[in-house]
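Raw structure03.txt, compact mmCIF, N, CA and C atoms:
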```txt
# COMPACT_ATOMS: atom_id res chain seq x y z
N MET A 1 -120.28 -19.67 -129.02
CA MET A 1 -121.24 -19.01 -128.16
C MET A 1 -122.35 -20.00 -127.83
N SER A 2 -122.81 -19.97 -126.60
CA SER A 2 -123.84 -20.93 -126.20
C SER A 2 -125.25 -20.36 -126.43
N TRP A 3 -126.19 -21.29 -126.55
CA TRP A 3 -127.59 -20.95 -126.76
C TRP A 3 -128.35 -21.28 -125.48
N ILE A 4 -129.34 -20.46 -125.13
CA ILE A 4 -130.13 -20.64 -123.92
C ILE A 4 -131.61 -20.68 -124.30
N THR A 5 -132.34 -21.64 -123.73
CA THR A 5 -133.77 -21.74 -123.98
C THR A 5 -134.50 -20.66 -123.17
N VAL A 6 -135.29 -19.85 -123.86
CA VAL A 6 -136.05 -18.80 -123.19
C VAL A 6 -137.55 -19.09 -123.18
N LYS A 7 -137.98 -20.04 -124.00
CA LYS A 7 -139.41 -20.35 -124.07
C LYS A 7 -139.60 -21.75 -124.64
N THR A 8 -140.48 -22.52 -124.04
CA THR A 8 -140.90 -23.79 -124.63
C THR A 8 -142.39 -23.69 -124.93
N THR A 9 -142.79 -24.29 -126.03
CA THR A 9 -144.19 -24.24 -126.44
C THR A 9 -144.67 -25.64 -126.79
N SER A 10 -145.97 -25.80 -126.79
CA SER A 10 -146.52 -27.10 -127.15
C SER A 10 -146.73 -27.22 -128.66
N THR A 11 -146.59 -26.11 -129.37
CA THR A 11 -146.74 -26.14 -130.83
C THR A 11 -145.61 -25.34 -131.49
N ARG A 12 -145.12 -25.86 -132.58
CA ARG A 12 -144.01 -25.21 -133.27
C ARG A 12 -144.41 -23.86 -133.84
N TRP A 13 -145.65 -23.71 -134.31
CA TRP A 13 -146.05 -22.44 -134.91
C TRP A 13 -145.95 -21.30 -133.91
N GLU A 14 -146.19 -21.59 -132.62
CA GLU A 14 -146.08 -20.55 -131.60
C GLU A 14 -144.61 -20.11 -131.46
N ALA A 15 -143.70 -21.08 -131.48
CA ALA A 15 -142.27 -20.77 -131.41
C ALA A 15 -141.84 -19.96 -132.64
N GLU A 16 -142.39 -20.27 -133.81
CA GLU A 16 -142.05 -19.53 -135.02
C GLU A 16 -142.56 -18.09 -134.94
N LEU A 17 -143.72 -17.90 -134.37
CA LEU A 17 -144.26 -16.55 -134.20
C LEU A 17 -143.38 -15.72 -133.26
N ILE A 18 -142.98 -16.32 -132.15
CA ILE A 18 -142.11 -15.62 -131.21
C ILE A 18 -140.76 -15.34 -131.85
N GLN A 19 -140.29 -16.26 -132.67
CA GLN A 19 -139.02 -16.06 -133.37
C GLN A 19 -139.10 -14.84 -134.29
N GLN A 20 -140.24 -14.62 -134.92
CA GLN A 20 -140.40 -13.45 -135.77
C GLN A 20 -140.36 -12.15 -134.96
N VAL A 21 -140.92 -12.18 -133.75
CA VAL A 21 -140.87 -10.99 -132.88
C VAL A 21 -139.42 -10.69 -132.53
N LEU A 22 -138.66 -11.72 -132.17
CA LEU A 22 -137.25 -11.51 -131.84
C LEU A 22 -136.46 -11.03 -133.05
N ALA A 23 -136.75 -11.57 -134.22
CA ALA A 23 -136.05 -11.15 -135.44
C ALA A 23 -136.32 -9.68 -135.75
N ALA A 24 -137.52 -9.21 -135.44
CA ALA A 24 -137.85 -7.80 -135.66
C ALA A 24 -136.98 -6.88 -134.79
N HIS A 25 -136.48 -7.43 -133.69
CA HIS A 25 -135.60 -6.67 -132.80
C HIS A 25 -134.14 -7.06 -133.00
N LYS A 26 -133.88 -7.75 -134.09
CA LYS A 26 -132.52 -8.16 -134.47
C LYS A 26 -131.84 -9.04 -133.43
N ILE A 27 -132.63 -9.94 -132.82
CA ILE A 27 -132.10 -10.91 -131.87
C ILE A 27 -132.07 -12.27 -132.56
N PRO A 28 -130.88 -12.84 -132.77
CA PRO A 28 -130.80 -14.15 -133.42
C PRO A 28 -131.42 -15.22 -132.52
N SER A 29 -132.15 -16.13 -133.12
CA SER A 29 -132.76 -17.21 -132.35
C SER A 29 -132.84 -18.46 -133.22
N ARG A 30 -133.11 -19.57 -132.55
CA ARG A 30 -133.32 -20.83 -133.27
C ARG A 30 -134.39 -21.63 -132.55
N ILE A 31 -135.01 -22.53 -133.31
CA ILE A 31 -136.06 -23.39 -132.76
C ILE A 31 -135.53 -24.81 -132.73
N VAL A 32 -135.72 -25.47 -131.58
CA VAL A 32 -135.30 -26.85 -131.42
C VAL A 32 -136.56 -27.69 -131.18
N ASP A 33 -136.77 -28.71 -132.02
CA ASP A 33 -137.91 -29.60 -131.83
C ASP A 33 -137.68 -30.48 -130.61
N LEU A 34 -138.72 -30.62 -129.77
CA LEU A 34 -138.58 -31.39 -128.54
C LEU A 34 -139.23 -32.76 -128.61
N GLY A 35 -139.88 -33.06 -129.68
CA GLY A 35 -140.55 -34.36 -129.77
C GLY A 35 -140.85 -34.71 -131.20
N ILE A 36 -141.54 -35.78 -131.37
CA ILE A 36 -141.91 -36.21 -132.71
C ILE A 36 -143.07 -35.37 -133.21
N SER A 37 -143.14 -35.20 -134.48
CA SER A 37 -144.26 -34.47 -135.07
C SER A 37 -145.53 -35.27 -134.87
N SER A 38 -146.56 -34.60 -134.45
CA SER A 38 -147.83 -35.29 -134.28
C SER A 38 -148.66 -35.16 -135.55
N TYR A 39 -149.78 -35.78 -135.55
CA TYR A 39 -150.64 -35.76 -136.71
C TYR A 39 -151.94 -35.04 -136.38
N LEU A 40 -152.77 -34.87 -137.36
CA LEU A 40 -154.06 -34.18 -137.23
C LEU A 40 -153.92 -32.71 -136.86
N GLY A 41 -152.81 -32.08 -137.28
CA GLY A 41 -152.66 -30.65 -137.09
C GLY A 41 -152.33 -30.22 -135.68
N GLN A 42 -151.94 -31.13 -134.81
CA GLN A 42 -151.66 -30.79 -133.44
C GLN A 42 -150.32 -30.07 -133.27
N GLY A 43 -149.38 -30.25 -134.19
CA GLY A 43 -148.07 -29.63 -134.06
C GLY A 43 -147.16 -30.45 -133.17
N SER A 44 -145.98 -29.94 -132.93
CA SER A 44 -145.03 -30.64 -132.08
C SER A 44 -144.42 -29.66 -131.09
N PRO A 45 -144.04 -30.14 -129.90
CA PRO A 45 -143.43 -29.23 -128.93
C PRO A 45 -142.09 -28.72 -129.43
N ALA A 46 -141.77 -27.48 -129.05
CA ALA A 46 -140.53 -26.87 -129.52
C ALA A 46 -139.99 -25.93 -128.44
N ALA A 47 -138.69 -25.68 -128.52
CA ALA A 47 -138.03 -24.73 -127.62
C ALA A 47 -137.44 -23.61 -128.45
N LEU A 48 -137.54 -22.41 -127.96
CA LEU A 48 -136.96 -21.26 -128.63
C LEU A 48 -135.70 -20.87 -127.87
N GLN A 49 -134.60 -20.77 -128.59
CA GLN A 49 -133.32 -20.47 -127.96
C GLN A 49 -132.72 -19.19 -128.53
N VAL A 50 -132.02 -18.46 -127.68
CA VAL A 50 -131.28 -17.27 -128.08
C VAL A 50 -129.86 -17.40 -127.58
N ARG A 51 -128.97 -16.59 -128.14
CA ARG A 51 -127.58 -16.60 -127.68
C ARG A 51 -127.49 -15.99 -126.28
N SER A 52 -126.49 -16.41 -125.54
CA SER A 52 -126.32 -15.98 -124.15
C SER A 52 -126.40 -14.47 -123.94
N PRO A 53 -125.71 -13.66 -124.74
CA PRO A 53 -125.76 -12.21 -124.50
C PRO A 53 -127.16 -11.59 -124.72
N ASP A 54 -128.02 -12.26 -125.47
CA ASP A 54 -129.35 -11.73 -125.77
C ASP A 54 -130.42 -12.25 -124.83
N LYS A 55 -130.04 -13.04 -123.84
CA LYS A 55 -131.01 -13.71 -122.98
C LYS A 55 -131.96 -12.72 -122.30
N TRP A 56 -131.43 -11.72 -121.62
CA TRP A 56 -132.28 -10.82 -120.84
C TRP A 56 -133.13 -9.92 -121.72
N THR A 57 -132.60 -9.51 -122.84
CA THR A 57 -133.39 -8.70 -123.77
C THR A 57 -134.57 -9.50 -124.30
N ALA A 58 -134.30 -10.76 -124.67
CA ALA A 58 -135.37 -11.63 -125.17
C ALA A 58 -136.42 -11.89 -124.10
N LEU A 59 -135.99 -12.16 -122.88
CA LEU A 59 -136.94 -12.40 -121.80
C LEU A 59 -137.79 -11.17 -121.52
N LEU A 60 -137.19 -10.00 -121.60
CA LEU A 60 -137.95 -8.77 -121.41
C LEU A 60 -138.99 -8.58 -122.51
N LEU A 61 -138.62 -8.86 -123.75
CA LEU A 61 -139.56 -8.73 -124.87
C LEU A 61 -140.71 -9.73 -124.76
N LEU A 62 -140.43 -10.91 -124.21
CA LEU A 62 -141.45 -11.96 -124.13
C LEU A 62 -142.27 -11.91 -122.86
N SER A 63 -141.91 -11.05 -121.91
CA SER A 63 -142.65 -10.97 -120.66
C SER A 63 -143.95 -10.19 -120.86
N PRO A 64 -144.95 -10.49 -120.03
CA PRO A 64 -146.20 -9.75 -120.15
C PRO A 64 -146.00 -8.29 -119.71
N PRO A 65 -146.77 -7.38 -120.26
CA PRO A 65 -146.62 -5.97 -119.88
C PRO A 65 -147.00 -5.77 -118.41
N GLU A 66 -146.33 -4.82 -117.77
CA GLU A 66 -146.65 -4.52 -116.38
C GLU A 66 -147.95 -3.73 -116.32
N GLU A 67 -148.72 -3.99 -115.27
CA GLU A 67 -149.95 -3.24 -115.07
C GLU A 67 -149.66 -1.94 -114.37
N ASP A 68 -150.48 -0.95 -114.61
CA ASP A 68 -150.33 0.34 -113.97
C ASP A 68 -150.59 0.19 -112.47
N GLN A 69 -149.63 0.61 -111.66
CA GLN A 69 -149.74 0.47 -110.20
C GLN A 69 -150.51 1.62 -109.55
N THR A 70 -150.90 2.63 -110.32
CA THR A 70 -151.60 3.79 -109.78
C THR A 70 -153.09 3.69 -110.09
N GLU A 71 -153.70 2.58 -109.72
CA GLU A 71 -155.12 2.39 -109.96
C GLU A 71 -155.94 3.25 -109.01
N LYS A 72 -157.11 3.63 -109.46
CA LYS A 72 -158.01 4.41 -108.62
C LYS A 72 -158.59 3.51 -107.54
N PRO A 73 -158.73 4.03 -106.32
CA PRO A 73 -159.35 3.22 -105.26
C PRO A 73 -160.83 3.03 -105.55
N GLU A 74 -161.34 1.88 -105.18
CA GLU A 74 -162.75 1.60 -105.41
C GLU A 74 -163.59 2.34 -104.38
N ASN A 75 -164.76 2.83 -104.81
CA ASN A 75 -165.67 3.54 -103.90
C ASN A 75 -166.74 2.64 -103.40
```
Full structure transcribed into structure tokens:
Amino acid sequence: MSWITVKTTSTRWEAELIQQVLAAHKIPSRIVDLGISSYLGQGSPAALQVRSPDKWTALLLLSPPEEDQTEKPEN
């Protein structure tokens, strides 16, 4: 089964946090390091990948919430 990148981050801890959200929904994922580890606590860039069948579910979970389209008109 192939893996698809659904998110890239500039810090690994962010990818690990998103991975925990996906795990809570029973979506298998993995983190791939994209560069060398930096120093001084900066972290390293990483990609979060999910299996092909879980791609759309993961993208939906990671998307921002939709805003209510029935806003009151301004007076």
Just the residues within 6.5 Å of Ala15 in chain A, please, counting all atoms listed in the file, with nothing from its chain fewer than 3 positions along; format it as a PyMOL selection string. chain A and resi 9+11-12+18-20+46-48
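Using only N, CA and C atoms, the shortest contact distance between Ile27 in chain A and any of A:Gly43, A:Trp13, A:Val6, A:Val50 is found at A:Val50.
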According to DSSP computed on the backbone, where in chain A is there strand (DSSP E)? Give the residues as a PDB file with N, CA and C atoms, keeping the file's coordinate frame.
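As a result, states.pdb now contains:
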```pdb
ATOM      1  N   TRP A   3    -126.190 -21.290-126.550  1.00  0.00           N
ATOM      2  CA  TRP A   3    -127.590 -20.950-126.760  1.00  0.00           C
ATOM      3  C   TRP A   3    -128.350 -21.280-125.480  1.00  0.00           C
ATOM      4  N   ILE A   4    -129.340 -20.460-125.130  1.00  0.00           N
ATOM      5  CA  ILE A   4    -130.130 -20.640-123.920  1.00  0.00           C
ATOM      6  C   ILE A   4    -131.610 -20.680-124.300  1.00  0.00           C
ATOM      7  N   THR A   5    -132.340 -21.640-123.730  1.00  0.00           N
ATOM      8  CA  THR A   5    -133.770 -21.740-123.980  1.00  0.00           C
ATOM      9  C   THR A   5    -134.500 -20.660-123.170  1.00  0.00           C
ATOM     10  N   VAL A   6    -135.290 -19.850-123.860  1.00  0.00           N
ATOM     11  CA  VAL A   6    -136.050 -18.800-123.190  1.00  0.00           C
ATOM     12  C   VAL A   6    -137.550 -19.090-123.180  1.00  0.00           C
ATOM     13  N   LYS A   7    -137.980 -20.040-124.000  1.00  0.00           N
ATOM     14  CA  LYS A   7    -139.410 -20.350-124.070  1.00  0.00           C
ATOM     15  C   LYS A   7    -139.600 -21.750-124.640  1.00  0.00           C
ATOM     16  N   THR A   8    -140.480 -22.520-124.040  1.00  0.00           N
ATOM     17  CA  THR A   8    -140.900 -23.790-124.630  1.00  0.00           C
ATOM     18  C   THR A   8    -142.390 -23.690-124.930  1.00  0.00           C
ATOM     19  N   THR A   9    -142.790 -24.290-126.030  1.00  0.00           N
ATOM     20  CA  THR A   9    -144.190 -24.240-126.440  1.00  0.00           C
ATOM     21  C   THR A   9    -144.670 -25.640-126.790  1.00  0.00           C
ATOM     22  N   SER A  29    -132.150 -16.130-133.120  1.00  0.00           N
ATOM     23  CA  SER A  29    -132.760 -17.210-132.350  1.00  0.00           C
ATOM     24  C   SER A  29    -132.840 -18.460-133.220  1.00  0.00           C
ATOM     25  N   ARG A  30    -133.110 -19.570-132.550  1.00  0.00           N
ATOM     26  CA  ARG A  30    -133.320 -20.830-133.270  1.00  0.00           C
ATOM     27  C   ARG A  30    -134.390 -21.630-132.550  1.00  0.00           C
ATOM     28  N   ILE A  31    -135.010 -22.530-133.310  1.00  0.00           N
ATOM     29  CA  ILE A  31    -136.060 -23.390-132.760  1.00  0.00           C
ATOM     30  C   ILE A  31    -135.530 -24.810-132.730  1.00  0.00           C
ATOM     31  N   VAL A  32    -135.720 -25.470-131.580  1.00  0.00           N
ATOM     32  CA  VAL A  32    -135.300 -26.850-131.420  1.00  0.00           C
ATOM     33  C   VAL A  32    -136.560 -27.690-131.180  1.00  0.00           C
ATOM     34  N   ASP A  33    -136.770 -28.710-132.020  1.00  0.00           N
ATOM     35  CA  ASP A  33    -137.910 -29.600-131.830  1.00  0.00           C
ATOM     36  C   ASP A  33    -137.680 -30.480-130.610  1.00  0.00           C
ATOM     37  N   ALA A  46    -141.770 -27.480-129.050  1.00  0.00           N
ATOM     38  CA  ALA A  46    -140.530 -26.870-129.520  1.00  0.00           C
ATOM     39  C   ALA A  46    -139.990 -25.930-128.440  1.00  0.00           C
ATOM     40  N   ALA A  47    -138.690 -25.680-128.520  1.00  0.00           N
ATOM     41  CA  ALA A  47    -138.030 -24.730-127.620  1.00  0.00           C
ATOM     42  C   ALA A  47    -137.440 -23.610-128.450  1.00  0.00           C
ATOM     43  N   LEU A  48    -137.540 -22.410-127.960  1.00  0.00           N
ATOM     44  CA  LEU A  48    -136.960 -21.260-128.630  1.00  0.00           C
ATOM     45  C   LEU A  48    -135.700 -20.870-127.870  1.00  0.00           C
ATOM     46  N   GLN A  49    -134.600 -20.770-128.590  1.00  0.00           N
ATOM     47  CA  GLN A  49    -133.320 -20.470-127.960  1.00  0.00           C
ATOM     48  C   GLN A  49    -132.720 -19.190-128.530  1.00  0.00           C
ATOM     49  N   VAL A  50    -132.020 -18.460-127.680  1.00  0.00           N
ATOM     50  CA  VAL A  50    -131.280 -17.270-128.080  1.00  0.00           C
ATOM     51  C   VAL A  50    -129.860 -17.400-127.580  1.00  0.00           C
ATOM     52  N   ARG A  51    -128.970 -16.590-128.140  1.00  0.00           N
ATOM     53  CA  ARG A  51    -127.580 -16.600-127.680  1.00  0.00           C
ATOM     54  C   ARG A  51    -127.490 -15.990-126.280  1.00  0.00           C
TER      55      ARG A  51
END
```
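Rounded to one decimal, CA of Val32 in chain A and atom N of Ser2 in chain A lie 15.1 Å from each other.
Here atom N of Trp3 in chain A is placed at a distance of 27.5 Å from atom N of Glu66 in chain A.
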Between CA of Ile4 in chain A and CA of Ser52 in chain A - distance in Å to one decimal: 6.0 Å
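Considering all atoms listed in the file, the residue among A:Gln49, A:Ile36, A:Leu61, A:Lys7 positioned nearest to Val21 in chain A is A:Leu61.
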Select from chain A everything DSSP, run on the backbone, classes as alpha helix (DSSP H), then give the selection as number ranges by chain. A: 12-24, 55-62
